[in-house]
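Here is the structure we will look at, set down as structure tokens.
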Amino acid sequence: MPDVLTLGEAMAAMRADRPLLLGGNLALSVAGAETNVAIGLARFGHSVRWVGVNGEDEFGRLVLRTLRAEGVDVSHAVVDPAAPTGLVVFEPRVADLTRVSYYRAGSAGSRLVPGHLSAALAEGARIVHLSGVTAALGPGPRAAVEAAAHAAPGLVSLDVNYRAKLWSPQEASAALRPLVPLVDILVASDDELALVAPPGAGGEAECVEALLAQGVGEVVVKRGAAGAEVFTGSRSVARPAVRVPVRDTVGAGDAFVAGYLSGLLDGLPVEERLDRAVVTGAFAVAATGDWEGLPFRDELALLDAAPGTALR
Ligand code: ATP
């Protein structure tokens, strides 16, 4: 049984070296919210399984090859010859501001259905990690997320991960609110809390209180460069972000989740889980790429080194 089971769409990722309008070069890699989390966890030494659908094409093979190379179990991943692997393009618009364009409508990844998860759910996992991105991909993926939340053999972690290009706030709320009572660890940016809190909940404190009242064990609030805070029934713990030179903020949230869940799997108290989460998030923003710069366990202290240090 793996430590973590996660599911969703992985895409081929093309990263431009300058605004697309100007041409330039595209570097090919792999991206996906849940695969980013899976890679982060695998680098910390946890056993992670990812389930998703890829096309029978070179992009799909690249996804599987990359995940295998990173130590993620893809034994239950599905290949669908009838649809292509999706594509995401990252374009550096100005400085650290990246424009993200998706080419994923009708993709293989959006053909995920609950049946694809049956075997993996039956085999179990200590944590099932879900993301709102997958629920936004269509009725099949949404049903898969619901099925995983209902059938999860252990803890359920949900990252709201709202994507305005995929659905409206109303659609997101309608899909995600019913899952809240099944969720043990809810991760959201501060501006996403109202999407999952009951209608009418006002500011952040009221949203958090309402979510905890619905049975969520831990509400983890991401605040970008301002850090993060965890609320449990009895207390809250906050941490500032780790100051690093910012290269590319995309993927910070997924890295943060990997760090947080890793701490949980290691049995760390909330304070230390949050420490690991903000450090892992900082690694993501300090390196280019969604997951490429994520730390291995023995690298966690690297950011404490003085700027300009050579690692010899
Ligand atoms: P994304 O959707 O791009 O993955 P997100 O909005 O889900 O990101 P953020 O709140 O931006 O997530 O970032 C998650 C965590 O990463 C923050 O709580 C913080 O710890 C860390 N982080 C984000 N931005 C920075 C930054 N500029 N410097 C240092 N750490 C950062």
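Each chain in the structure tokens gets a letter, A, B, ..., in the order shown, and its residues are numbered from 1; ligands are numbered from 1 in order too.
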Excluding same-chain residues fewer than 5 positions from segment 165-180 of chain A, what lies within 10 Å of it counting only C-alpha atoms, as a ChimeraX atom specification? /A:100-102,104-105,131-138,142-143,145-146,149-150,156,158,160,185-186,192,194-199,211-212,214-216
Please tabulate, as JSON lines, the residues of chain A that come within 10 Å of ligand 1, each with its closest pair of atoms and the distance in Å to one decimal, counting only C-alpha atoms and all ligand atoms and ordering rows by chain, then residue number upward.
{"residue": "A:Ala33", "atom": "CA", "partner": "ligand 1", "partner_atom_place_in_ligand_line": "4 (O)", "distance": 7.6}
{"residue": "A:Asn36", "atom": "CA", "partner": "ligand 1", "partner_atom_place_in_ligand_line": "4 (O)", "distance": 9.3}
{"residue": "A:Asp96", "atom": "CA", "partner": "ligand 1", "partner_atom_place_in_ligand_line": "27 (N)", "distance": 9.4}
{"residue": "A:Thr98", "atom": "CA", "partner": "ligand 1", "partner_atom_place_in_ligand_line": "3 (O)", "distance": 9.6}
{"residue": "A:Asp159", "atom": "CA", "partner": "ligand 1", "partner_atom_place_in_ligand_line": "7 (O)", "distance": 8.3}
{"residue": "A:Val160", "atom": "CA", "partner": "ligand 1", "partner_atom_place_in_ligand_line": "7 (O)", "distance": 8.6}
{"residue": "A:Asn161", "atom": "CA", "partner": "ligand 1", "partner_atom_place_in_ligand_line": "7 (O)", "distance": 6.1}
{"residue": "A:Tyr162", "atom": "CA", "partner": "ligand 1", "partner_atom_place_in_ligand_line": "2 (O)", "distance": 8.1}
{"residue": "A:Arg163", "atom": "CA", "partner": "ligand 1", "partner_atom_place_in_ligand_line": "2 (O)", "distance": 8.4}
{"residue": "A:Val187", "atom": "CA", "partner": "ligand 1", "partner_atom_place_in_ligand_line": "7 (O)", "distance": 8.8}
{"residue": "A:Ala188", "atom": "CA", "partner": "ligand 1", "partner_atom_place_in_ligand_line": "7 (O)", "distance": 7.3}
{"residue": "A:Ser189", "atom": "CA", "partner": "ligand 1", "partner_atom_place_in_ligand_line": "10 (O)", "distance": 5.7}
{"residue": "A:Asp190", "atom": "CA", "partner": "ligand 1", "partner_atom_place_in_ligand_line": "10 (O)", "distance": 8.1}
{"residue": "A:Asp191", "atom": "CA", "partner": "ligand 1", "partner_atom_place_in_ligand_line": "6 (O)", "distance": 9.3}
{"residue": "A:Glu192", "atom": "CA", "partner": "ligand 1", "partner_atom_place_in_ligand_line": "6 (O)", "distance": 9.5}
{"residue": "A:Val220", "atom": "CA", "partner": "ligand 1", "partner_atom_place_in_ligand_line": "18 (O)", "distance": 9.2}
{"residue": "A:Val221", "atom": "CA", "partner": "ligand 1", "partner_atom_place_in_ligand_line": "18 (O)", "distance": 7.4}
{"residue": "A:Lys222", "atom": "CA", "partner": "ligand 1", "partner_atom_place_in_ligand_line": "18 (O)", "distance": 4.1}
{"residue": "A:Arg223", "atom": "CA", "partner": "ligand 1", "partner_atom_place_in_ligand_line": "10 (O)", "distance": 4.4}
{"residue": "A:Gly224", "atom": "CA", "partner": "ligand 1", "partner_atom_place_in_ligand_line": "10 (O)", "distance": 3.2}
{"residue": "A:Ala225", "atom": "CA", "partner": "ligand 1", "partner_atom_place_in_ligand_line": "25 (C)", "distance": 3.9}
{"residue": "A:Ala226", "atom": "CA", "partner": "ligand 1", "partner_atom_place_in_ligand_line": "19 (C)", "distance": 6.7}
{"residue": "A:Gly227", "atom": "CA", "partner": "ligand 1", "partner_atom_place_in_ligand_line": "18 (O)", "distance": 4.1}
{"residue": "A:Ala228", "atom": "CA", "partner": "ligand 1", "partner_atom_place_in_ligand_line": "18 (O)", "distance": 4.4}
{"residue": "A:Glu229", "atom": "CA", "partner": "ligand 1", "partner_atom_place_in_ligand_line": "18 (O)", "distance": 8.0}
{"residue": "A:Ala238", "atom": "CA", "partner": "ligand 1", "partner_atom_place_in_ligand_line": "18 (O)", "distance": 9.9}
{"residue": "A:Arg239", "atom": "CA", "partner": "ligand 1", "partner_atom_place_in_ligand_line": "20 (O)", "distance": 7.8}
{"residue": "A:Pro240", "atom": "CA", "partner": "ligand 1", "partner_atom_place_in_ligand_line": "20 (O)", "distance": 6.9}
{"residue": "A:Ala241", "atom": "CA", "partner": "ligand 1", "partner_atom_place_in_ligand_line": "20 (O)", "distance": 4.4}
{"residue": "A:Val242", "atom": "CA", "partner": "ligand 1", "partner_atom_place_in_ligand_line": "29 (C)", "distance": 4.9}
{"residue": "A:Arg243", "atom": "CA", "partner": "ligand 1", "partner_atom_place_in_ligand_line": "29 (C)", "distance": 5.1}
{"residue": "A:Val244", "atom": "CA", "partner": "ligand 1", "partner_atom_place_in_ligand_line": "28 (N)", "distance": 5.6}
{"residue": "A:Pro245", "atom": "CA", "partner": "ligand 1", "partner_atom_place_in_ligand_line": "28 (N)", "distance": 7.4}
{"residue": "A:Val246", "atom": "CA", "partner": "ligand 1", "partner_atom_place_in_ligand_line": "27 (N)", "distance": 5.8}
{"residue": "A:Arg247", "atom": "CA", "partner": "ligand 1", "partner_atom_place_in_ligand_line": "27 (N)", "distance": 8.8}
{"residue": "A:Asp248", "atom": "CA", "partner": "ligand 1", "partner_atom_place_in_ligand_line": "27 (N)", "distance": 8.6}
{"residue": "A:Thr249", "atom": "CA", "partner": "ligand 1", "partner_atom_place_in_ligand_line": "3 (O)", "distance": 5.5}
{"residue": "A:Val250", "atom": "CA", "partner": "ligand 1", "partner_atom_place_in_ligand_line": "3 (O)", "distance": 3.8}
{"residue": "A:Gly251", "atom": "CA", "partner": "ligand 1", "partner_atom_place_in_ligand_line": "4 (O)", "distance": 3.5}
{"residue": "A:Ala252", "atom": "CA", "partner": "ligand 1", "partner_atom_place_in_ligand_line": "4 (O)", "distance": 4.1}
{"residue": "A:Gly253", "atom": "CA", "partner": "ligand 1", "partner_atom_place_in_ligand_line": "7 (O)", "distance": 3.4}
{"residue": "A:Asp254", "atom": "CA", "partner": "ligand 1", "partner_atom_place_in_ligand_line": "4 (O)", "distance": 5.2}
{"residue": "A:Ala255", "atom": "CA", "partner": "ligand 1", "partner_atom_place_in_ligand_line": "16 (O)", "distance": 7.1}
{"residue": "A:Phe256", "atom": "CA", "partner": "ligand 1", "partner_atom_place_in_ligand_line": "15 (C)", "distance": 5.2}
{"residue": "A:Val257", "atom": "CA", "partner": "ligand 1", "partner_atom_place_in_ligand_line": "14 (C)", "distance": 8.0}
{"residue": "A:Gly259", "atom": "CA", "partner": "ligand 1", "partner_atom_place_in_ligand_line": "15 (C)", "distance": 9.9}
{"residue": "A:Leu274", "atom": "CA", "partner": "ligand 1", "partner_atom_place_in_ligand_line": "20 (O)", "distance": 8.5}
{"residue": "A:Asp275", "atom": "CA", "partner": "ligand 1", "partner_atom_place_in_ligand_line": "20 (O)", "distance": 8.7}
{"residue": "A:Arg276", "atom": "CA", "partner": "ligand 1", "partner_atom_place_in_ligand_line": "20 (O)", "distance": 9.2}
{"residue": "A:Ala277", "atom": "CA", "partner": "ligand 1", "partner_atom_place_in_ligand_line": "20 (O)", "distance": 6.5}
{"residue": "A:Val278", "atom": "CA", "partner": "ligand 1", "partner_atom_place_in_ligand_line": "20 (O)", "distance": 3.7}
{"residue": "A:Val279", "atom": "CA", "partner": "ligand 1", "partner_atom_place_in_ligand_line": "20 (O)", "distance": 6.8}
{"residue": "A:Thr280", "atom": "CA", "partner": "ligand 1", "partner_atom_place_in_ligand_line": "16 (O)", "distance": 7.3}
{"residue": "A:Gly281", "atom": "CA", "partner": "ligand 1", "partner_atom_place_in_ligand_line": "16 (O)", "distance": 3.7}
{"residue": "A:Ala282", "atom": "CA", "partner": "ligand 1", "partner_atom_place_in_ligand_line": "30 (N)", "distance": 4.0}
{"residue": "A:Phe283", "atom": "CA", "partner": "ligand 1", "partner_atom_place_in_ligand_line": "30 (N)", "distance": 7.7}
{"residue": "A:Ala284", "atom": "CA", "partner": "ligand 1", "partner_atom_place_in_ligand_line": "16 (O)", "distance": 7.5}
{"residue": "A:Val285", "atom": "CA", "partner": "ligand 1", "partner_atom_place_in_ligand_line": "25 (C)", "distance": 5.9}
{"residue": "A:Ala286", "atom": "CA", "partner": "ligand 1", "partner_atom_place_in_ligand_line": "28 (N)", "distance": 7.6}
{"residue": "A:Asp290", "atom": "CA", "partner": "ligand 1", "partner_atom_place_in_ligand_line": "4 (O)", "distance": 7.9}
May I have the selected residues written with C-alpha atoms, as a CSV table (one decimal), in the first residue's frame?
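As a result, part-v9.csv now contains:
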chain,number,residue,atom,x,y,z
A,33,ALA,CA,-0.9,19.8,-10.1
A,36,ASN,CA,3.9,18.0,-9.0
A,96,ASP,CA,8.5,36.7,-12.5
A,98,THR,CA,4.2,33.9,-16.1
A,159,ASP,CA,-6.2,21.4,-2.4
A,160,VAL,CA,-8.9,23.8,-3.8
A,161,ASN,CA,-6.5,24.9,-6.5
A,162,TYR,CA,-9.1,27.2,-8.2
A,163,ARG,CA,-8.3,27.7,-11.9
A,187,VAL,CA,-5.5,23.4,1.6
A,188,ALA,CA,-6.6,26.7,0.1
A,189,SER,CA,-5.2,30.1,-0.8
A,190,ASP,CA,-6.8,32.8,1.4
A,191,ASP,CA,-8.9,33.9,-1.6
A,192,GLU,CA,-10.2,30.4,-2.2
A,220,VAL,CA,-4.1,25.1,5.7
A,221,VAL,CA,-4.2,28.6,4.3
A,222,LYS,CA,-1.5,29.6,1.7
A,223,ARG,CA,-0.6,33.2,1.6
A,224,GLY,CA,2.0,33.3,-1.3
A,225,ALA,CA,5.0,35.4,-0.4
A,226,ALA,CA,3.5,36.1,3.1
A,227,GLY,CA,3.7,32.5,4.1
A,228,ALA,CA,1.0,30.2,5.4
A,229,GLU,CA,-1.1,29.4,8.4
A,238,ALA,CA,1.6,30.6,11.2
A,239,ARG,CA,4.9,30.7,9.3
A,240,PRO,CA,6.3,33.5,7.1
A,241,ALA,CA,7.6,32.5,3.7
A,242,VAL,CA,11.3,31.6,3.4
A,243,ARG,CA,13.0,34.5,1.6
A,244,VAL,CA,14.6,33.4,-1.7
A,245,PRO,CA,15.3,35.0,-5.0
A,246,VAL,CA,12.1,34.4,-7.0
A,247,ARG,CA,12.6,32.7,-10.4
A,248,ASP,CA,9.2,31.2,-11.1
A,249,THR,CA,6.2,31.1,-8.8
A,250,VAL,CA,4.2,28.5,-10.7
A,251,GLY,CA,4.1,25.2,-8.7
A,252,ALA,CA,4.7,26.8,-5.3
A,253,GLY,CA,1.4,25.6,-4.0
A,254,ASP,CA,1.9,22.0,-5.1
A,255,ALA,CA,5.4,22.0,-3.6
A,256,PHE,CA,4.0,23.4,-0.4
A,257,VAL,CA,1.4,20.6,-0.3
A,259,GLY,CA,6.1,19.4,2.1
A,274,LEU,CA,4.4,23.9,8.2
A,275,ASP,CA,8.1,24.5,8.4
A,276,ARG,CA,8.7,21.8,5.8
A,277,ALA,CA,5.9,23.1,3.6
A,278,VAL,CA,7.2,26.7,3.4
A,279,VAL,CA,10.7,25.5,2.7
A,280,THR,CA,9.5,23.2,-0.1
A,281,GLY,CA,7.4,26.1,-1.5
A,282,ALA,CA,10.5,28.3,-1.4
A,283,PHE,CA,12.5,25.7,-3.4
A,284,ALA,CA,9.8,25.8,-6.1
A,285,VAL,CA,9.8,29.6,-6.5
A,286,ALA,CA,13.6,29.8,-6.4
A,290,ASP,CA,6.9,23.4,-11.7
Pull the strand (DSSP E or B) assignments for segment 65-310 of chain A out of DSSP run on the backbone, and list those residues as a PyMOL selection string. chain A and resi 73+78-80+87-94+97-103+127-131+155-159+185-189+218-222+228-232+236-239
Write out the residues from the selection above, keeping N, CA and C atoms, as a compact mmCIF listing (two decimals), in the first residue's frame.
# COMPACT_ATOMS: atom_id res chain seq x y z
N ASP A 73 4.80 5.77 -8.62
CA ASP A 73 4.19 4.53 -9.12
C ASP A 73 3.10 4.87 -10.14
N VAL A 78 -3.54 4.93 -16.99
CA VAL A 78 -4.29 4.39 -18.13
C VAL A 78 -3.82 5.07 -19.41
N VAL A 79 -3.74 4.31 -20.49
CA VAL A 79 -3.44 4.89 -21.80
C VAL A 79 -4.70 4.79 -22.65
N ASP A 80 -5.12 5.94 -23.19
CA ASP A 80 -6.34 5.99 -24.01
C ASP A 80 -5.95 6.40 -25.43
N LEU A 87 -1.69 19.66 -23.22
CA LEU A 87 -0.49 20.50 -23.33
C LEU A 87 -0.70 21.79 -22.55
N VAL A 88 0.34 22.24 -21.86
CA VAL A 88 0.27 23.54 -21.18
C VAL A 88 1.52 24.32 -21.60
N VAL A 89 1.33 25.61 -21.85
CA VAL A 89 2.45 26.44 -22.28
C VAL A 89 2.67 27.55 -21.26
N PHE A 90 3.90 27.67 -20.78
CA PHE A 90 4.27 28.71 -19.82
C PHE A 90 5.08 29.77 -20.56
N GLU A 91 4.63 31.00 -20.42
CA GLU A 91 5.26 32.09 -21.16
C GLU A 91 5.71 33.18 -20.17
N PRO A 92 6.99 33.48 -20.10
CA PRO A 92 7.43 34.54 -19.19
C PRO A 92 7.00 35.89 -19.77
N ARG A 93 6.00 36.50 -19.18
CA ARG A 93 5.47 37.74 -19.77
C ARG A 93 6.36 38.92 -19.37
N VAL A 94 6.49 39.11 -18.05
CA VAL A 94 7.47 40.08 -17.55
C VAL A 94 8.05 39.52 -16.25
N LEU A 97 6.42 37.13 -13.74
CA LEU A 97 5.00 36.95 -14.04
C LEU A 97 4.87 36.04 -15.26
N THR A 98 4.26 34.89 -15.05
CA THR A 98 4.18 33.88 -16.10
C THR A 98 2.76 33.75 -16.61
N ARG A 99 2.59 33.76 -17.95
CA ARG A 99 1.26 33.50 -18.51
C ARG A 99 1.16 32.01 -18.82
N VAL A 100 0.03 31.40 -18.40
CA VAL A 100 -0.16 29.95 -18.59
C VAL A 100 -1.31 29.73 -19.56
N SER A 101 -1.08 28.99 -20.64
CA SER A 101 -2.13 28.68 -21.62
C SER A 101 -2.30 27.17 -21.70
N TYR A 102 -3.56 26.74 -21.64
CA TYR A 102 -3.85 25.30 -21.68
C TYR A 102 -4.36 24.88 -23.05
N TYR A 103 -3.94 23.71 -23.48
CA TYR A 103 -4.48 23.05 -24.68
C TYR A 103 -4.89 21.66 -24.22
N ILE A 127 -2.92 8.37 2.62
CA ILE A 127 -3.56 9.65 2.28
C ILE A 127 -3.99 9.59 0.82
N VAL A 128 -5.21 10.02 0.54
CA VAL A 128 -5.62 10.26 -0.86
C VAL A 128 -5.59 11.76 -1.05
N HIS A 129 -4.78 12.22 -2.01
CA HIS A 129 -4.66 13.66 -2.25
C HIS A 129 -5.42 14.06 -3.52
N LEU A 130 -6.33 15.02 -3.36
CA LEU A 130 -7.19 15.46 -4.46
C LEU A 130 -6.98 16.94 -4.71
N SER A 131 -7.31 17.36 -5.96
CA SER A 131 -7.19 18.78 -6.25
C SER A 131 -8.39 19.24 -7.05
N LEU A 155 -6.73 9.07 5.16
CA LEU A 155 -7.03 10.49 5.21
C LEU A 155 -7.28 11.05 3.81
N VAL A 156 -8.10 12.09 3.73
CA VAL A 156 -8.35 12.78 2.46
C VAL A 156 -7.77 14.19 2.56
N SER A 157 -6.94 14.52 1.58
CA SER A 157 -6.38 15.87 1.48
C SER A 157 -6.94 16.50 0.21
N LEU A 158 -7.41 17.75 0.32
CA LEU A 158 -7.96 18.43 -0.86
C LEU A 158 -7.32 19.81 -0.98
N ASP A 159 -6.71 20.07 -2.12
CA ASP A 159 -6.20 21.41 -2.43
C ASP A 159 -7.21 22.05 -3.38
N ILE A 185 -7.70 17.19 5.49
CA ILE A 185 -6.75 18.30 5.37
C ILE A 185 -7.18 19.14 4.18
N LEU A 186 -7.63 20.34 4.43
CA LEU A 186 -8.09 21.21 3.35
C LEU A 186 -7.03 22.30 3.13
N VAL A 187 -6.53 22.39 1.91
CA VAL A 187 -5.52 23.40 1.58
C VAL A 187 -6.15 24.40 0.63
N ALA A 188 -6.00 25.68 0.94
CA ALA A 188 -6.57 26.71 0.07
C ALA A 188 -5.75 27.98 0.18
N SER A 189 -5.72 28.75 -0.91
CA SER A 189 -5.19 30.11 -0.80
C SER A 189 -6.23 30.91 -0.03
N GLU A 218 -7.85 19.95 9.58
CA GLU A 218 -6.86 21.02 9.47
C GLU A 218 -7.17 21.86 8.24
N VAL A 219 -7.28 23.16 8.44
CA VAL A 219 -7.44 24.07 7.31
C VAL A 219 -6.09 24.77 7.12
N VAL A 220 -5.47 24.53 5.97
CA VAL A 220 -4.13 25.05 5.70
C VAL A 220 -4.28 26.19 4.69
N VAL A 221 -3.94 27.40 5.11
CA VAL A 221 -4.16 28.58 4.26
C VAL A 221 -2.82 29.05 3.71
N LYS A 222 -2.71 29.09 2.38
CA LYS A 222 -1.48 29.56 1.71
C LYS A 222 -1.62 31.06 1.45
N ALA A 228 2.17 31.08 5.30
CA ALA A 228 1.01 30.18 5.42
C ALA A 228 0.60 30.05 6.87
N GLU A 229 -0.61 29.54 7.06
CA GLU A 229 -1.14 29.35 8.42
C GLU A 229 -2.01 28.10 8.45
N VAL A 230 -1.92 27.36 9.53
CA VAL A 230 -2.75 26.16 9.70
C VAL A 230 -3.70 26.38 10.87
N PHE A 231 -4.96 26.07 10.65
CA PHE A 231 -5.97 26.17 11.70
C PHE A 231 -6.47 24.77 12.03
N THR A 232 -6.45 24.42 13.32
CA THR A 232 -7.08 23.18 13.74
C THR A 232 -8.22 23.61 14.68
N SER A 236 -4.09 27.89 16.01
CA SER A 236 -3.54 28.16 14.69
C SER A 236 -2.04 28.35 14.79
N VAL A 237 -1.34 28.00 13.72
CA VAL A 237 0.11 28.14 13.65
C VAL A 237 0.43 28.85 12.35
N ALA A 238 1.23 29.90 12.39
CA ALA A 238 1.58 30.63 11.16
C ALA A 238 3.08 30.59 10.94
N ARG A 239 3.47 30.64 9.68
CA ARG A 239 4.88 30.74 9.33
C ARG A 239 5.04 31.75 8.20
So, with only C-alpha atoms as the atoms that count, which of A:Met1, A:Ala301, A:Ala31, A:Ala201 lies closest to Gly154 of chain A? A:Met1
Select from segment 215-273 of chain A every residue with an atom at most 9 Å from any atom of segment 44-63 of chain A, then for each give the shortest pair of atoms and their distance in Å to one decimal, using only C-alpha atoms, rows by chain and rising number, as CSV.
residue,atom,partner,partner_atom,distance
A:Ala258,CA,A:Phe44,CA,8.7
A:Gly259,CA,A:Phe44,CA,8.4
A:Ser262,CA,A:Phe44,CA,7.1
A:Leu265,CA,A:His46,CA,8.1
